[in-house]
file final_2.pdb (PDB, N, CA, C and O atoms)
MODEL        1
ATOM      1  N   MET K 747       8.567  -2.254 -29.303
ATOM      2  CA  MET K 747       9.228  -1.734 -28.112
ATOM      3  C   MET K 747      10.094  -2.838 -27.523
ATOM      4  O   MET K 747       9.647  -3.947 -27.314
ATOM      5  N   CYS K 748      11.301  -2.495 -27.213
ATOM      6  CA  CYS K 748      12.280  -3.414 -26.639
ATOM      7  C   CYS K 748      12.210  -3.356 -25.113
ATOM      8  O   CYS K 748      11.852  -2.335 -24.530
ATOM      9  N   ALA K 749      12.556  -4.451 -24.451
ATOM     10  CA  ALA K 749      12.540  -4.495 -22.980
ATOM     11  C   ALA K 749      13.476  -3.447 -22.390
ATOM     12  O   ALA K 749      13.235  -2.941 -21.298
ATOM     13  N   ASP K 750      14.546  -3.081 -23.105
ATOM     14  CA  ASP K 750      15.479  -2.061 -22.622
ATOM     15  C   ASP K 750      14.841  -0.675 -22.591
ATOM     16  O   ASP K 750      15.325   0.217 -21.912
ATOM     17  N   ASP K 751      13.752  -0.480 -23.334
ATOM     18  CA  ASP K 751      13.072   0.808 -23.376
ATOM     19  C   ASP K 751      12.134   1.010 -22.184
ATOM     20  O   ASP K 751      11.700   2.125 -21.927
ATOM     21  N   LEU K 752      11.815  -0.053 -21.466
ATOM     22  CA  LEU K 752      10.893   0.036 -20.340
ATOM     23  C   LEU K 752      11.626   0.459 -19.079
ATOM     24  O   LEU K 752      12.801   0.165 -18.892
ATOM     25  N   LEU K 753      10.910   1.146 -18.202
ATOM     26  CA  LEU K 753      11.495   1.529 -16.916
ATOM     27  C   LEU K 753      11.425   0.351 -15.963
ATOM     28  O   LEU K 753      10.456  -0.399 -15.954
ATOM     29  N   ASP K 754      12.431   0.199 -15.140
ATOM     30  CA  ASP K 754      12.515  -0.906 -14.188
ATOM     31  C   ASP K 754      11.521  -0.682 -13.046
ATOM     32  O   ASP K 754      11.646   0.290 -12.298
ATOM     33  N   PRO K 755      10.518  -1.559 -12.873
ATOM     34  CA  PRO K 755       9.521  -1.363 -11.821
ATOM     35  C   PRO K 755      10.090  -1.531 -10.412
ATOM     36  O   PRO K 755       9.431  -1.186  -9.445
ATOM     37  N   LYS K 756      11.315  -2.050 -10.291
ATOM     38  CA  LYS K 756      11.943  -2.182  -8.974
ATOM     39  C   LYS K 756      12.607  -0.885  -8.534
ATOM     40  O   LYS K 756      12.972  -0.735  -7.389
ATOM     41  N   ASN K 757      12.739   0.053  -9.450
ATOM     42  CA  ASN K 757      13.298   1.356  -9.139
ATOM     43  C   ASN K 757      12.294   2.111  -8.272
ATOM     44  O   ASN K 757      11.108   2.166  -8.572
ATOM     45  N   ASP K 758      12.742   2.716  -7.164
ATOM     46  CA  ASP K 758      11.848   3.408  -6.233
ATOM     47  C   ASP K 758      11.004   4.474  -6.915
ATOM     48  O   ASP K 758       9.814   4.610  -6.644
ATOM     49  N   TYR K 759      11.628   5.255  -7.792
ATOM     50  CA  TYR K 759      10.915   6.332  -8.474
ATOM     51  C   TYR K 759       9.805   5.776  -9.348
ATOM     52  O   TYR K 759       8.672   6.249  -9.311
ATOM     53  N   VAL K 760      10.111   4.765 -10.136
ATOM     54  CA  VAL K 760       9.119   4.161 -11.039
ATOM     55  C   VAL K 760       7.993   3.538 -10.223
ATOM     56  O   VAL K 760       6.807   3.744 -10.513
ATOM     57  N   PHE K 761       8.341   2.772  -9.201
ATOM     58  CA  PHE K 761       7.344   2.127  -8.345
ATOM     59  C   PHE K 761       6.415   3.174  -7.745
ATOM     60  O   PHE K 761       5.185   3.041  -7.786
ATOM     61  N   PHE K 762       6.989   4.238  -7.193
ATOM     62  CA  PHE K 762       6.181   5.277  -6.560
ATOM     63  C   PHE K 762       5.269   5.965  -7.569
ATOM     64  O   PHE K 762       4.082   6.169  -7.307
ATOM     65  N   ARG K 763       5.800   6.321  -8.729
ATOM     66  CA  ARG K 763       4.983   7.012  -9.738
ATOM     67  C   ARG K 763       3.809   6.156 -10.194
ATOM     68  O   ARG K 763       2.682   6.623 -10.274
ATOM     69  N   VAL K 764       4.063   4.895 -10.477
ATOM     70  CA  VAL K 764       3.000   4.018 -10.962
ATOM     71  C   VAL K 764       1.919   3.849  -9.903
ATOM     72  O   VAL K 764       0.732   4.044 -10.167
ATOM     73  N   PHE K 765       2.316   3.516  -8.695
ATOM     74  CA  PHE K 765       1.326   3.174  -7.683
ATOM     75  C   PHE K 765       0.709   4.388  -6.996
ATOM     76  O   PHE K 765      -0.380   4.287  -6.447
ATOM     77  N   SER K 766       1.358   5.549  -7.030
ATOM     78  CA  SER K 766       0.725   6.746  -6.471
ATOM     79  C   SER K 766      -0.312   7.305  -7.435
ATOM     80  O   SER K 766      -1.310   7.879  -7.020
ATOM     81  N   GLU K 767      -0.091   7.107  -8.729
ATOM     82  CA  GLU K 767      -1.049   7.588  -9.721
ATOM     83  C   GLU K 767      -2.184   6.597  -9.952
ATOM     84  O   GLU K 767      -3.260   6.977 -10.397
ATOM     85  N   GLU K 768      -1.958   5.335  -9.648
ATOM     86  CA  GLU K 768      -2.971   4.282  -9.842
ATOM     87  C   GLU K 768      -3.079   3.431  -8.578
ATOM     88  O   GLU K 768      -2.609   2.295  -8.534
ATOM     89  N   PRO K 769      -3.699   3.950  -7.517
ATOM     90  CA  PRO K 769      -3.758   3.202  -6.260
ATOM     91  C   PRO K 769      -4.489   1.865  -6.373
ATOM     92  O   PRO K 769      -4.208   0.947  -5.598
ATOM     93  N   ASP K 770      -5.378   1.719  -7.336
ATOM     94  CA  ASP K 770      -6.047   0.423  -7.519
ATOM     95  C   ASP K 770      -5.055  -0.671  -7.916
ATOM     96  O   ASP K 770      -5.220  -1.833  -7.542
ATOM     97  N   LEU K 771      -4.021  -0.283  -8.646
ATOM     98  CA  LEU K 771      -2.973  -1.251  -8.996
ATOM     99  C   LEU K 771      -2.209  -1.689  -7.754
ATOM    100  O   LEU K 771      -1.834  -2.854  -7.630
ATOM    101  N   LEU K 772      -1.989  -0.755  -6.834
ATOM    102  CA  LEU K 772      -1.312  -1.099  -5.585
ATOM    103  C   LEU K 772      -2.156  -2.059  -4.758
ATOM    104  O   LEU K 772      -1.642  -3.023  -4.203
ATOM    105  N   VAL K 773      -3.448  -1.829  -4.699
ATOM    106  CA  VAL K 773      -4.360  -2.736  -3.986
ATOM    107  C   VAL K 773      -4.269  -4.133  -4.605
ATOM    108  O   VAL K 773      -4.160  -5.132  -3.887
ATOM    109  N   ASP K 774      -4.286  -4.201  -5.921
ATOM    110  CA  ASP K 774      -4.183  -5.505  -6.594
ATOM    111  C   ASP K 774      -2.865  -6.198  -6.273
ATOM    112  O   ASP K 774      -2.837  -7.400  -6.001
ATOM    113  N   LEU K 775      -1.763  -5.444  -6.303
ATOM    114  CA  LEU K 775      -0.454  -6.020  -6.003
ATOM    115  C   LEU K 775      -0.415  -6.556  -4.575
ATOM    116  O   LEU K 775       0.043  -7.674  -4.333
ATOM    117  N   ILE K 776      -0.889  -5.770  -3.628
ATOM    118  CA  ILE K 776      -0.892  -6.203  -2.225
ATOM    119  C   ILE K 776      -1.708  -7.475  -2.070
ATOM    120  O   ILE K 776      -1.294  -8.417  -1.383
ATOM    121  N   ASN K 777      -2.859  -7.534  -2.708
ATOM    122  CA  ASN K 777      -3.714  -8.708  -2.575
ATOM    123  C   ASN K 777      -3.117  -9.950  -3.230
ATOM    124  O   ASN K 777      -3.315 -11.066  -2.747
ATOM    125  N   VAL K 778      -2.360  -9.772  -4.286
ATOM    126  CA  VAL K 778      -1.704 -10.911  -4.930
ATOM    127  C   VAL K 778      -0.595 -11.457  -4.031
ATOM    128  O   VAL K 778      -0.406 -12.666  -3.926
ATOM    129  N   VAL K 779       0.117 -10.574  -3.365
ATOM    130  CA  VAL K 779       1.221 -10.985  -2.504
ATOM    131  C   VAL K 779       0.711 -11.609  -1.209
ATOM    132  O   VAL K 779       1.303 -12.539  -0.676
ATOM    133  N   ARG K 780      -0.403 -11.132  -0.698
ATOM    134  CA  ARG K 780      -0.951 -11.595   0.590
ATOM    135  C   ARG K 780      -2.129 -12.540   0.359
ATOM    136  O   ARG K 780      -3.209 -12.344   0.895
ATOM    137  N   VAL K 781      -1.942 -13.587  -0.383
ATOM    138  CA  VAL K 781      -3.052 -14.464  -0.768
ATOM    139  C   VAL K 781      -3.751 -15.136   0.410
ATOM    140  O   VAL K 781      -4.930 -15.431   0.335
ATOM    141  N   ASP K 782      -3.061 -15.357   1.506
ATOM    142  CA  ASP K 782      -3.659 -16.040   2.656
ATOM    143  C   ASP K 782      -4.259 -15.078   3.676
ATOM    144  O   ASP K 782      -4.687 -15.504   4.743
ATOM    145  N   GLU K 783      -4.298 -13.805   3.360
ATOM    146  CA  GLU K 783      -4.811 -12.782   4.262
ATOM    147  C   GLU K 783      -6.115 -12.211   3.700
ATOM    148  O   GLU K 783      -6.381 -12.319   2.508
ATOM    149  N   PRO K 784      -6.905 -11.570   4.542
ATOM    150  CA  PRO K 784      -8.108 -10.905   4.031
ATOM    151  C   PRO K 784      -7.714  -9.842   3.001
ATOM    152  O   PRO K 784      -6.683  -9.178   3.164
ATOM    153  N   PRO K 785      -8.489  -9.670   1.958
ATOM    154  CA  PRO K 785      -8.109  -8.723   0.907
ATOM    155  C   PRO K 785      -8.146  -7.269   1.373
ATOM    156  O   PRO K 785      -8.963  -6.888   2.201
ATOM    157  N   ILE K 786      -7.225  -6.503   0.821
ATOM    158  CA  ILE K 786      -7.196  -5.061   1.035
ATOM    159  C   ILE K 786      -8.209  -4.462   0.053
ATOM    160  O   ILE K 786      -8.277  -4.853  -1.106
ATOM    161  N   VAL K 787      -8.971  -3.497   0.517
ATOM    162  CA  VAL K 787     -10.002  -2.901  -0.332
ATOM    163  C   VAL K 787      -9.573  -1.527  -0.845
ATOM    164  O   VAL K 787      -9.891  -1.140  -1.964
ATOM    165  N   GLU K 788      -8.823  -0.808  -0.021
ATOM    166  CA  GLU K 788      -8.451   0.558  -0.373
ATOM    167  C   GLU K 788      -7.133   0.914   0.293
ATOM    168  O   GLU K 788      -6.826   0.432   1.379
ATOM    169  N   VAL K 789      -6.344   1.756  -0.378
ATOM    170  CA  VAL K 789      -5.114   2.266   0.216
ATOM    171  C   VAL K 789      -5.162   3.787   0.214
ATOM    172  O   VAL K 789      -5.835   4.401  -0.617
ATOM    173  N   SER K 790      -4.452   4.365   1.151
ATOM    174  CA  SER K 790      -4.357   5.818   1.238
ATOM    175  C   SER K 790      -2.892   6.165   1.445
ATOM    176  O   SER K 790      -2.270   5.694   2.406
ATOM    177  N   LEU K 791      -2.329   6.959   0.550
ATOM    178  CA  LEU K 791      -0.938   7.359   0.670
ATOM    179  C   LEU K 791      -0.832   8.524   1.637
ATOM    180  O   LEU K 791      -1.514   9.542   1.481
ATOM    181  N   LEU K 792       0.011   8.380   2.640
ATOM    182  CA  LEU K 792       0.171   9.436   3.630
ATOM    183  C   LEU K 792       0.885  10.645   3.050
ATOM    184  O   LEU K 792       0.609  11.777   3.426
ATOM    185  N   ASN K 793       1.821  10.418   2.147
ATOM    186  CA  ASN K 793       2.543  11.508   1.512
ATOM    187  C   ASN K 793       2.649  11.210   0.021
ATOM    188  O   ASN K 793       3.623  10.609  -0.423
ATOM    189  N   PRO K 794       1.672  11.644  -0.772
ATOM    190  CA  PRO K 794       1.656  11.295  -2.192
ATOM    191  C   PRO K 794       2.607  12.109  -3.060
ATOM    192  O   PRO K 794       2.702  11.864  -4.250
ATOM    193  N   GLN K 795       3.316  13.082  -2.471
ATOM    194  CA  GLN K 795       4.235  13.899  -3.256
ATOM    195  C   GLN K 795       5.626  13.280  -3.271
ATOM    196  O   GLN K 795       6.162  12.913  -2.232
ATOM    197  N   LEU K 796       6.202  13.196  -4.444
ATOM    198  CA  LEU K 796       7.558  12.678  -4.587
ATOM    199  C   LEU K 796       8.498  13.868  -4.702
ATOM    200  O   LEU K 796       8.505  14.572  -5.697
ATOM    201  N   THR K 797       9.254  14.117  -3.654
ATOM    202  CA  THR K 797      10.166  15.257  -3.619
ATOM    203  C   THR K 797      11.610  14.766  -3.714
ATOM    204  O   THR K 797      11.890  13.599  -3.421
ATOM    205  N   PRO K 798      12.517  15.644  -4.101
ATOM    206  CA  PRO K 798      13.933  15.242  -4.159
ATOM    207  C   PRO K 798      14.452  14.735  -2.816
ATOM    208  O   PRO K 798      15.288  13.843  -2.771
ATOM    209  N   GLU K 799      13.939  15.277  -1.719
ATOM    210  CA  GLU K 799      14.379  14.841  -0.404
ATOM    211  C   GLU K 799      14.041  13.375  -0.147
ATOM    212  O   GLU K 799      14.778  12.647   0.504
ATOM    213  N   ARG K 800      12.890  12.933  -0.658
ATOM    214  CA  ARG K 800      12.488  11.539  -0.477
ATOM    215  C   ARG K 800      13.368  10.594  -1.267
ATOM    216  O   ARG K 800      13.476   9.421  -0.944
ATOM    217  N   LEU K 801      13.969  11.102  -2.326
ATOM    218  CA  LEU K 801      14.841  10.268  -3.144
ATOM    219  C   LEU K 801      16.306  10.394  -2.727
ATOM    220  O   LEU K 801      17.168   9.763  -3.317
ATOM    221  N   GLY K 802      16.580  11.189  -1.700
ATOM    222  CA  GLY K 802      17.955  11.398  -1.247
ATOM    223  C   GLY K 802      18.651  10.088  -0.930
ATOM    224  O   GLY K 802      18.103   9.220  -0.260
ATOM    225  N   GLY K 803      19.862   9.947  -1.454
ATOM    226  CA  GLY K 803      20.644   8.753  -1.194
ATOM    227  C   GLY K 803      20.254   7.566  -2.059
ATOM    228  O   GLY K 803      20.831   6.499  -1.947
ATOM    229  N   LYS K 804      19.285   7.751  -2.925
ATOM    230  CA  LYS K 804      18.861   6.653  -3.800
ATOM    231  C   LYS K 804      19.350   6.944  -5.218
ATOM    232  O   LYS K 804      19.402   8.089  -5.643
ATOM    233  N   GLN K 805      19.673   5.929  -5.920
ATOM    234  CA  GLN K 805      20.145   6.082  -7.277
ATOM    235  C   GLN K 805      18.942   6.106  -8.207
ATOM    236  O   GLN K 805      18.134   5.179  -8.234
ATOM    237  N   LEU K 806      18.803   7.160  -8.974
ATOM    238  CA  LEU K 806      17.696   7.311  -9.897
ATOM    239  C   LEU K 806      18.190   6.973 -11.293
ATOM    240  O   LEU K 806      19.037   7.645 -11.847
ATOM    241  N   ILE K 807      17.667   5.888 -11.842
ATOM    242  CA  ILE K 807      18.079   5.442 -13.161
ATOM    243  C   ILE K 807      16.877   5.527 -14.082
ATOM    244  O   ILE K 807      15.876   4.856 -13.877
ATOM    245  N   LEU K 808      16.957   6.392 -15.070
ATOM    246  CA  LEU K 808      15.847   6.542 -16.024
ATOM    247  C   LEU K 808      16.239   6.121 -17.391
ATOM    248  O   LEU K 808      17.089   6.139 -17.999
TER     249      LEU K 808
ENDMDL
END
call {"tool": "encode", "arguments": {"input": "final_2.pdb", "output": "structure tokens"}}
result
Amino acid sequence: MCADDLLDPKNDYVFFRVFSEEPDLLVDLINVVRVDEPPIVEVSLLNPQLTPERLGGKQLIL
């Protein structure tokens, strides 16, 4: 697999799909970024649905 075949994790759609489906990965990411803060144990997404309206005005590159 070539790096060009992978989806860009900085893309809003990719980021949302990965972390909404695997919230434990989001907890890990937050804790890695906030090393000097108390660890996050759990996250709860207020709106876990990705709708076209949420992507309005954003460029979707797949």
call {"tool": "resolve_selection", "arguments": {"input": "final_2.pdb", "expression": "the PyMOL selection byres ((chain K and resi 787-793) around 7)", "output": "ChimeraX atom specification"}}
result
/K:769-770,773,784-786,794-796
call {"tool": "atom_distance", "arguments": {"input": "final_2.pdb", "atom1": "atom CA of Phe761 of chain K", "atom2": "atom CA of Arg780 of chain K"}}
result
18.4 Å
call {"tool": "atom_distance", "arguments": {"input": "final_2.pdb", "atom1": "atom CA of Phe762 of chain K", "atom2": "atom C of Ile776 of chain K"}}
result
15.7 Å
